[in-house]
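Structure file entry.cif (mmCIF, C-alpha atoms) is printed below.
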data_input
#
loop_
_atom_site.label_atom_id
_atom_site.label_comp_id
_atom_site.auth_asym_id
_atom_site.auth_seq_id
_atom_site.Cartn_x
_atom_site.Cartn_y
_atom_site.Cartn_z
CA GLU A 1 0.00 0.00 0.00
CA ARG A 2 2.82 2.40 0.88
CA GLU A 3 4.44 1.70 -2.49
CA ILE A 4 1.23 2.58 -4.34
CA HIS A 5 1.00 5.98 -2.62
CA GLU A 6 4.73 6.64 -3.09
CA ASN A 7 5.15 5.44 -6.69
CA LEU A 8 1.69 5.57 -8.28
CA LYS A 9 0.22 8.66 -6.66
CA GLU A 10 -0.22 10.46 -9.97
CA GLU A 11 -2.00 7.46 -11.52
CA LEU A 12 -4.23 7.16 -8.46
CA HIS A 13 -5.25 10.81 -8.86
CA GLU A 14 -6.03 10.13 -12.55
CA LEU A 15 -8.08 7.06 -11.60
CA ALA A 16 -10.03 9.09 -9.03
CA THR A 17 -10.81 11.75 -11.63
CA ALA A 18 -11.85 9.15 -14.24
CA GLN A 19 -14.18 7.43 -11.73
CA LYS A 20 -15.52 10.71 -10.26
CA MET A 21 -14.10 9.84 -6.83
CA THR A 22 -11.92 11.62 -4.35
CA TYR A 23 -8.33 10.42 -4.04
CA GLU A 24 -9.22 8.80 -0.69
CA GLN A 25 -12.26 7.02 -2.16
CA ALA A 26 -10.24 5.64 -5.08
CA ALA A 27 -7.48 4.46 -2.72
CA ALA A 28 -10.07 2.71 -0.49
CA GLU A 29 -11.71 1.03 -3.49
CA LEU A 30 -8.33 -0.12 -4.81
CA LYS A 31 -7.54 -1.62 -1.41
CA GLU A 32 -10.89 -3.40 -1.07
CA CYS A 33 -10.69 -4.84 -4.58
CA TYR A 34 -7.07 -5.96 -4.79
CA ASP A 35 -5.24 -5.90 -1.42
CA GLY A 36 -5.11 -8.63 1.21
CA TYR A 37 -2.72 -11.37 0.06
CA HIS A 38 -0.62 -12.95 2.83
CA PHE A 39 1.59 -15.88 1.86
CA VAL A 40 3.13 -16.32 5.31
CA GLU A 41 1.83 -15.33 8.74
CA ASN A 42 2.18 -11.86 10.30
CA THR A 43 3.12 -10.02 7.12
CA GLU A 44 1.89 -6.82 5.52
CA GLY A 45 -0.85 -7.33 2.95
CA ILE A 46 0.12 -7.44 -0.72
CA TYR A 47 -1.92 -6.03 -3.61
CA ASN A 48 -2.45 -8.09 -6.75
CA PRO A 49 -0.01 -6.34 -9.15
CA PHE A 50 -1.72 -7.64 -12.30
CA SER A 51 -5.10 -6.19 -11.28
CA VAL A 52 -3.61 -2.91 -10.00
CA LEU A 53 -1.66 -2.28 -13.22
CA ASN A 54 -4.68 -3.12 -15.38
CA THR A 55 -6.82 -0.78 -13.30
CA PHE A 56 -4.41 2.08 -13.92
CA TYR A 57 -4.00 1.16 -17.59
CA LYS A 58 -7.76 1.10 -18.26
CA MET A 59 -8.62 3.71 -15.60
CA LYS A 60 -11.47 1.62 -14.20
CA PHE A 61 -11.93 -1.17 -11.67
CA GLY A 62 -12.47 -4.71 -12.92
CA SER A 63 -11.95 -8.42 -12.21
CA TYR A 64 -8.71 -8.52 -14.16
CA TRP A 65 -6.89 -11.38 -12.43
CA PHE A 66 -9.97 -13.54 -11.95
CA GLU A 67 -10.85 -13.28 -15.63
CA THR A 68 -7.44 -14.69 -16.68
CA GLY A 69 -8.52 -18.21 -15.70
CA THR A 70 -11.51 -20.22 -14.51
CA PRO A 71 -11.38 -22.36 -11.32
CA THR A 72 -13.48 -25.18 -12.78
CA TYR A 73 -11.22 -27.89 -11.37
CA LEU A 74 -11.39 -26.35 -7.88
CA VAL A 75 -15.19 -26.17 -7.92
CA GLU A 76 -15.39 -29.78 -9.05
CA LEU A 77 -13.15 -30.68 -6.08
CA LEU A 78 -15.55 -28.86 -3.75
CA GLN A 79 -18.51 -30.75 -5.19
CA ARG A 80 -16.80 -34.13 -5.18
CA SER A 81 -15.84 -33.81 -1.52
CA HIS A 82 -19.35 -32.47 -0.61
CA TYR A 83 -17.68 -29.46 0.97
CA ASP A 84 -19.60 -27.01 3.16
CA LEU A 85 -18.96 -23.75 1.30
CA GLU A 86 -19.50 -21.60 4.39
CA ARG A 87 -16.44 -23.20 6.00
CA MET A 88 -14.32 -22.07 3.07
CA ALA A 89 -14.78 -18.39 3.95
CA HIS A 90 -13.12 -18.77 7.37
CA VAL A 91 -11.48 -22.21 7.46
CA GLN A 92 -8.73 -23.07 9.97
CA THR A 93 -5.93 -25.43 9.06
CA ASP A 94 -2.24 -26.14 9.70
CA ALA A 95 0.95 -25.91 7.63
CA ASP A 96 0.91 -29.61 6.70
CA VAL A 97 -2.52 -29.26 5.08
CA LEU A 98 -1.65 -25.99 3.32
CA ASN A 99 1.46 -27.54 1.79
CA SER A 100 -0.32 -30.73 0.72
CA ILE A 101 -0.32 -31.49 -3.00
CA TYR A 102 -3.33 -33.80 -2.77
CA GLY A 103 -6.82 -32.36 -3.19
CA ASP A 104 -8.90 -35.53 -3.20
CA GLU A 105 -9.70 -35.53 0.52
CA ASP A 106 -9.58 -31.79 1.21
CA PRO A 107 -9.92 -29.19 -1.57
CA ILE A 108 -8.62 -26.32 0.60
CA PRO A 109 -4.85 -26.77 -0.11
CA MET A 110 -5.47 -26.52 -3.86
CA ILE A 111 -7.72 -23.48 -3.46
CA PHE A 112 -5.13 -21.79 -1.22
CA GLN A 113 -2.22 -22.60 -3.54
CA SER A 114 -4.22 -21.28 -6.52
CA GLY A 115 -4.63 -17.87 -4.86
CA TYR A 116 -8.36 -17.94 -4.19
CA LEU A 117 -7.80 -18.12 -0.42
CA THR A 118 -5.08 -16.44 1.62
CA ILE A 119 -3.84 -16.30 5.22
CA LYS A 120 -6.05 -14.06 7.36
CA GLY A 121 -4.73 -14.95 10.81
CA TYR A 122 -2.33 -17.23 12.67
CA ASP A 123 -2.52 -18.90 16.08
CA LYS A 124 1.11 -19.37 17.08
CA GLU A 125 0.32 -21.56 20.10
CA PHE A 126 -1.46 -24.21 18.05
CA GLY A 127 0.16 -23.54 14.68
CA LEU A 128 -3.19 -22.95 13.02
CA TYR A 129 -3.83 -20.69 10.03
CA ARG A 130 -7.16 -18.95 9.44
CA LEU A 131 -7.91 -18.60 5.74
CA GLY A 132 -10.30 -16.40 3.80
CA PHE A 133 -10.82 -14.64 0.50
CA PRO A 134 -8.08 -12.01 0.02
CA ASN A 135 -10.26 -9.27 -1.45
CA ARG A 136 -13.50 -8.42 -3.22
CA GLU A 137 -12.22 -9.23 -6.72
CA VAL A 138 -11.50 -12.83 -5.74
CA GLU A 139 -14.50 -13.32 -3.46
CA GLU A 140 -17.08 -11.92 -5.85
CA GLY A 141 -15.55 -13.65 -8.87
CA PHE A 142 -15.35 -17.03 -7.15
CA ILE A 143 -18.87 -16.89 -5.70
CA LYS A 144 -20.38 -15.87 -9.05
CA PHE A 145 -18.46 -18.70 -10.70
CA LEU A 146 -20.08 -21.20 -8.30
CA VAL A 147 -23.65 -20.36 -9.37
CA PRO A 148 -24.01 -22.64 -12.44
CA PHE A 149 -22.42 -25.54 -10.53
CA TYR A 150 -24.94 -25.38 -7.65
CA THR A 151 -28.11 -24.02 -9.30
CA ARG A 152 -29.97 -24.39 -12.57
CA LEU A 153 -28.88 -20.87 -13.64
CA SER A 154 -26.21 -20.31 -16.26
CA LYS A 155 -23.33 -17.86 -15.89
CA VAL A 156 -25.19 -15.48 -18.21
CA GLU A 157 -28.52 -15.66 -16.34
CA ALA A 158 -27.12 -15.34 -12.81
CA PRO A 159 -26.31 -11.57 -12.77
CA PHE A 160 -29.83 -10.72 -13.96
CA GLU A 161 -31.41 -12.92 -11.27
CA ILE A 162 -29.26 -11.36 -8.56
CA GLN A 163 -30.25 -7.89 -9.78
CA LYS A 164 -33.92 -8.88 -9.47
CA PHE A 165 -33.33 -10.30 -5.97
CA VAL A 166 -31.78 -7.02 -4.86
CA LYS A 167 -34.55 -4.90 -6.40
CA GLU A 168 -37.20 -7.02 -4.64
CA LEU A 169 -35.43 -6.65 -1.30
CA ARG A 170 -35.12 -2.89 -1.75
CA ALA A 171 -38.83 -2.71 -2.58
CA GLY A 172 -39.99 -4.90 0.33
CA ASP A 173 -41.46 -7.46 -2.09
CA VAL A 174 -41.04 -10.61 0.02
CA ASP A 175 -43.28 -12.94 -2.00
CA SER A 176 -41.48 -12.19 -5.28
CA PHE A 177 -38.13 -12.71 -3.55
CA PHE A 178 -39.11 -16.17 -2.30
CA SER A 179 -40.75 -17.17 -5.57
CA ARG A 180 -37.43 -16.37 -7.24
CA LEU A 181 -35.54 -18.22 -4.50
CA ARG A 182 -37.61 -21.30 -5.31
CA SER A 183 -36.25 -21.18 -8.86
CA PHE A 184 -32.70 -21.41 -7.48
CA PHE A 185 -33.56 -24.77 -5.91
CA ALA A 186 -35.55 -26.11 -8.85
CA ASP A 187 -34.32 -29.21 -10.64
CA THR A 188 -31.91 -30.29 -7.91
CA PRO A 189 -29.78 -33.07 -9.46
CA TYR A 190 -30.83 -36.55 -8.32
CA GLU A 191 -27.31 -37.43 -7.12
CA LEU A 192 -27.53 -34.68 -4.50
CA VAL A 193 -30.58 -36.18 -2.79
CA SER A 194 -28.46 -38.14 -0.30
CA ASP A 195 -26.86 -34.87 0.87
CA LEU A 196 -29.74 -32.52 0.25
CA GLU A 197 -29.37 -30.51 3.48
CA LEU A 198 -25.79 -29.58 2.59
CA HIS A 199 -26.95 -28.65 -0.91
CA TYR A 200 -29.56 -26.27 0.56
CA GLN A 201 -26.93 -24.76 2.84
CA ASN A 202 -24.49 -24.28 -0.02
CA VAL A 203 -27.06 -22.63 -2.30
CA LEU A 204 -28.14 -20.32 0.54
CA PHE A 205 -24.49 -19.47 1.19
CA ILE A 206 -23.99 -18.53 -2.46
CA ILE A 207 -27.15 -16.41 -2.49
CA TYR A 208 -26.40 -14.52 0.71
CA LYS A 209 -22.81 -13.92 -0.43
CA LEU A 210 -23.98 -12.56 -3.78
CA LEU A 211 -26.62 -10.38 -2.14
CA GLY A 212 -24.00 -9.22 0.36
CA PHE A 213 -22.17 -7.33 -2.39
CA TYR A 214 -25.24 -5.08 -2.72
CA VAL A 215 -27.00 -5.21 0.67
CA ASN A 216 -25.86 -5.83 4.24
CA ALA A 217 -25.99 -9.61 4.81
CA GLU A 218 -25.23 -11.63 7.97
CA ARG A 219 -25.70 -15.21 9.14
CA HIS A 220 -24.99 -15.19 12.87
CA THR A 221 -26.42 -13.85 16.13
CA SER A 222 -25.21 -13.93 19.73
CA ASP A 223 -28.04 -16.22 20.92
CA GLY A 224 -27.89 -19.31 18.75
CA ARG A 225 -27.51 -19.34 15.00
CA ILE A 226 -29.69 -17.37 12.64
CA ASP A 227 -29.84 -18.37 9.03
CA LEU A 228 -30.05 -15.02 7.30
CA VAL A 229 -30.38 -11.30 8.03
CA LEU A 230 -30.59 -8.91 5.07
CA GLN A 231 -30.67 -5.14 5.48
CA THR A 232 -31.45 -2.43 2.93
CA ASP A 233 -31.97 1.31 3.42
CA SER A 234 -35.68 0.78 4.12
CA PHE A 235 -36.11 -2.82 5.27
CA ILE A 236 -34.64 -5.50 7.55
CA TYR A 237 -35.33 -9.18 6.88
CA VAL A 238 -34.76 -11.79 9.61
CA MET A 239 -35.10 -15.30 8.15
CA GLU A 240 -34.96 -18.76 9.71
CA PHE A 241 -34.88 -21.90 7.55
CA LYS A 242 -36.02 -25.42 8.48
CA LEU A 243 -35.61 -28.72 6.64
CA ASP A 244 -38.66 -31.01 6.85
CA GLY A 245 -40.03 -28.99 9.73
CA THR A 246 -42.61 -26.25 9.30
CA ALA A 247 -42.49 -22.57 8.48
CA GLU A 248 -44.38 -22.02 11.73
CA GLU A 249 -41.57 -23.73 13.70
CA ALA A 250 -39.05 -21.49 11.98
CA MET A 251 -41.07 -18.39 12.96
CA GLU A 252 -41.40 -19.68 16.51
CA GLN A 253 -37.62 -20.01 16.72
CA ILE A 254 -37.15 -16.41 15.53
CA ASN A 255 -39.46 -15.22 18.31
CA GLU A 256 -38.21 -17.56 21.07
CA LYS A 257 -34.54 -16.80 20.38
CA GLY A 258 -35.20 -13.08 20.02
CA TYR A 259 -33.44 -12.91 16.66
CA ALA A 260 -35.28 -9.70 15.74
CA GLN A 261 -34.65 -7.88 19.04
CA PRO A 262 -31.47 -6.06 17.92
CA PHE A 263 -33.50 -4.37 15.19
CA GLU A 264 -36.74 -3.51 17.02
CA LYS A 265 -35.75 0.12 17.66
CA ASP A 266 -34.55 0.58 14.10
CA SER A 267 -36.63 3.00 12.02
CA ARG A 268 -36.70 0.59 9.06
CA GLN A 269 -39.58 -1.83 8.55
CA LEU A 270 -38.80 -5.28 9.95
CA PHE A 271 -39.84 -8.57 8.34
CA LYS A 272 -39.64 -11.84 10.27
CA ILE A 273 -39.78 -14.77 7.86
CA GLY A 274 -40.04 -18.50 8.64
CA VAL A 275 -39.19 -20.87 5.79
CA ASN A 276 -39.43 -24.64 5.39
CA PHE A 277 -37.63 -26.83 2.85
CA SER A 278 -39.17 -30.16 1.87
CA ASN A 279 -37.08 -33.22 1.07
CA LYS A 280 -40.05 -34.59 -0.83
CA THR A 281 -40.34 -31.67 -3.25
CA ARG A 282 -36.63 -30.79 -2.98
CA ASN A 283 -37.58 -27.15 -2.71
CA ILE A 284 -39.08 -24.45 -0.50
CA GLU A 285 -42.40 -25.81 0.70
CA LYS A 286 -43.77 -22.73 2.52
CA TRP A 287 -42.82 -19.36 3.95
CA ILE A 288 -44.70 -17.16 6.40
CA VAL A 289 -44.11 -13.47 7.08
CA GLU A 290 -44.67 -11.24 10.11
CA LYS A 291 -44.33 -7.49 9.51
CA GLN A 292 -43.22 -5.24 12.31
CA SER A 293 -43.26 -1.47 11.84
#
File written out as structure tokens:
Amino acid sequence: EREIHENLKEELHELATAQKMTYEQAAAELKECYDGYHFVENTEGIYNPFSVLNTFYKMKFGSYWFETGTPTYLVELLQRSHYDLERMAHVQTDADVLNSIYGDEDPIPMIFQSGYLTIKGYDKEFGLYRLGFPNREVEEGFIKFLVPFYTRLSKVEAPFEIQKFVKELRAGDVDSFFSRLRSFFADTPYELVSDLELHYQNVLFIIYKLLGFYVNAERHTSDGRIDLVLQTDSFIYVMEFKLDGTAEEAMEQINEKGYAQPFEKDSRQLFKIGVNFSNKTRNIEKWIVEKQS
């Protein structure tokens, strides 16, 4: 980062002007998009030089490094090992695993060595590394790449569906949002039936990650685990998902656990939503909504 401000200050000013940003805004965007690589523990973050130089050459931000190759093999590893995608975003492992050249049992070493994950933290006492996506370019590119592997949508269709999801959330149109969500789970491949719960979890992870680039998205709360919280300028959505339970049970859990309490004094309209997945239909069976002004 210091080297960018010392050696590329003029180019950063030009980029800011081209993108109608202040110098500080352009620097922050450059950092969020391309910084964050750590190849050993306790080191200063490194920017992706290929993406930085392309940004200055074209005077706009883009997914320059990600577009140079496609991680098809890595995604197939994830699918073959029935990997829980949410773990990938904050996985802990040790040096022996990171340096492994075998990806059949655990896809993480290959994903790390390919540059899609990087070191985010290190526990010296136990010799454990915490991994995560290095920056927005890699995270957004990788998550978007997953869509056709885990849903019926093609790479071309996915951005338009996500745009519609976001518009529905911003408009408070819950029923349209869930009707669209149903389409994400339609035509679940037969071979996934034996591990259907993990498939649901992985598709939900992909959706909340994609939405998280446009709205505030979370998946945890201090009292137990909450499946999804989405926040826009006007609305807050607190969602709980069940598998072969009932939407009513999901709503009851929201109320009993007090998942909505942190937002009750917020001026935005609050939606509590209970959702049930059915193994029989392999899709969303029912959702119920409680509005709270």
Result set of the PyMOL selection byres ((chain A and resi 56) around 10) on the coordinates above, as JSON, numbers by chain: {"A": [8, 11, 12, 14, 15, 51, 52, 53, 54, 55, 57, 58, 59, 60, 61]}
Point (-0.6, -13.9, 7.8) neighbourhood (9 Å, all atoms listed in the file) written as a ChimeraX atom specification: /A:37-45,118-122,129-131
How would the residues just chosen look if you wrote them out with C-alpha atoms as a short mmCIF file (atom, residue, chain, number, x, y, z; two decimals), in the coordinates of the input?
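Output below, filename selection-v7.cif:
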data_model
loop_
_atom_site.label_atom_id
_atom_site.label_comp_id
_atom_site.auth_asym_id
_atom_site.auth_seq_id
_atom_site.Cartn_x
_atom_site.Cartn_y
_atom_site.Cartn_z
CA TYR A 37 -2.72 -11.37 0.06
CA HIS A 38 -0.62 -12.95 2.83
CA PHE A 39 1.59 -15.88 1.86
CA VAL A 40 3.13 -16.32 5.31
CA GLU A 41 1.83 -15.33 8.74
CA ASN A 42 2.18 -11.86 10.30
CA THR A 43 3.12 -10.02 7.12
CA GLU A 44 1.89 -6.82 5.52
CA GLY A 45 -0.85 -7.33 2.95
CA THR A 118 -5.08 -16.44 1.62
CA ILE A 119 -3.84 -16.30 5.22
CA LYS A 120 -6.05 -14.06 7.36
CA GLY A 121 -4.73 -14.95 10.81
CA TYR A 122 -2.33 -17.23 12.67
CA TYR A 129 -3.83 -20.69 10.03
CA ARG A 130 -7.16 -18.95 9.44
CA LEU A 131 -7.91 -18.60 5.74
#
Take the PyMOL selection byres ((chain A and resi 170-183) around 8), run it mentally on this structure, and tell me the resulting residues as a compact mmCIF listing (two decimals) with C-alpha atoms, in the coordinates of the input.
# COMPACT_ATOMS: atom_id res chain seq x y z
CA ARG A 152 -29.97 -24.39 -12.57
CA PHE A 165 -33.33 -10.30 -5.97
CA VAL A 166 -31.78 -7.02 -4.86
CA LYS A 167 -34.55 -4.90 -6.40
CA GLU A 168 -37.20 -7.02 -4.64
CA LEU A 169 -35.43 -6.65 -1.30
CA PHE A 184 -32.70 -21.41 -7.48
CA PHE A 185 -33.56 -24.77 -5.91
CA ALA A 186 -35.55 -26.11 -8.85
CA THR A 232 -31.45 -2.43 2.93
CA ASP A 233 -31.97 1.31 3.42
CA SER A 234 -35.68 0.78 4.12
CA PHE A 235 -36.11 -2.82 5.27
CA ASN A 283 -37.58 -27.15 -2.71
CA ILE A 284 -39.08 -24.45 -0.50
CA TRP A 287 -42.82 -19.36 3.95
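Excluding range 62-76 of chain A itself and same-chain residues fewer than 4 positions from it, the residues having an atom within 9 Å of it are Cys33, Asn48, Phe50, Ser51, Val52, Asn54, Thr55, Arg80, Ser81, Gly103, Pro107, Ile108, Met110, Ile111, Ser114, Tyr116, Glu137, Val138, Glu140, Gly141, Phe142, Phe145, Leu146 and Phe149 of chain A, counting only C-alpha atoms.
Across the structure, CA of Gln113 in chain A and CA of Ala95 in chain A are spaced 12.1 Å apart.
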Matched chain/residue IDs from the PyMOL selection byres ((chain A and resi 274) around 7), as a ChimeraX atom specification: /A:239-241,247-248,250-251,272-273,275-276,287-289
Can you write out the residues you just picked, keeping C-alpha atoms, as a compact mmCIF listing (two decimals), in the coordinates of the input?
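And here's selection.txt as it stands now:
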# COMPACT_ATOMS: atom_id res chain seq x y z
CA MET A 239 -35.10 -15.30 8.15
CA GLU A 240 -34.96 -18.76 9.71
CA PHE A 241 -34.88 -21.90 7.55
CA ALA A 247 -42.49 -22.57 8.48
CA GLU A 248 -44.38 -22.02 11.73
CA ALA A 250 -39.05 -21.49 11.98
CA MET A 251 -41.07 -18.39 12.96
CA LYS A 272 -39.64 -11.84 10.27
CA ILE A 273 -39.78 -14.77 7.86
CA VAL A 275 -39.19 -20.87 5.79
CA ASN A 276 -39.43 -24.64 5.39
CA TRP A 287 -42.82 -19.36 3.95
CA ILE A 288 -44.70 -17.16 6.40
CA VAL A 289 -44.11 -13.47 7.08
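The space between CA of Asn202 in chain A and CA of Glu139 in chain A spans 15.2 Å.
Distances here use all atoms listed in the file; by that measure, the residue among A:Glu125, A:Glu1, A:Asp195, A:Glu10 closest to Ala28 in chain A is A:Glu1.
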Determine, counting all atoms listed in the file, every residue of protein, DNA or RNA that lies within 6 Å of (-29.3, -11.6, 7.5) in the file coordinates, then give the result as a PDB file with C-alpha atoms, in the coordinates of the input.
ATOM      1  CA  ALA A 217     -25.990  -9.610   4.810  1.00  0.00           C
ATOM      2  CA  GLU A 218     -25.230 -11.630   7.970  1.00  0.00           C
ATOM      3  CA  ARG A 219     -25.700 -15.210   9.140  1.00  0.00           C
ATOM      4  CA  LEU A 228     -30.050 -15.020   7.300  1.00  0.00           C
ATOM      5  CA  VAL A 229     -30.380 -11.300   8.030  1.00  0.00           C
ATOM      6  CA  LEU A 230     -30.590  -8.910   5.070  1.00  0.00           C
ATOM      7  CA  VAL A 238     -34.760 -11.790   9.610  1.00  0.00           C
TER       8      VAL A 238
END
One-decimal distance in Å that lies between CA of Asn135 in chain A and CA of Gly36 in chain A: 5.8 Å
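If you count only C-alpha atoms and ignore residues fewer than 3 places along the chain from Gly127 in chain A, what sits within 7 Å of it is A:Asp94, A:Asp123, A:Lys124.
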Could you please take those selected residues and save C-alpha atoms as a tab-separated table (two decimals), keeping the file's coordinate frame?
chain	number	residue	atom	x	y	z
A	94	ASP	CA	-2.24	-26.14	9.70
A	123	ASP	CA	-2.52	-18.90	16.08
A	124	LYS	CA	1.11	-19.37	17.08
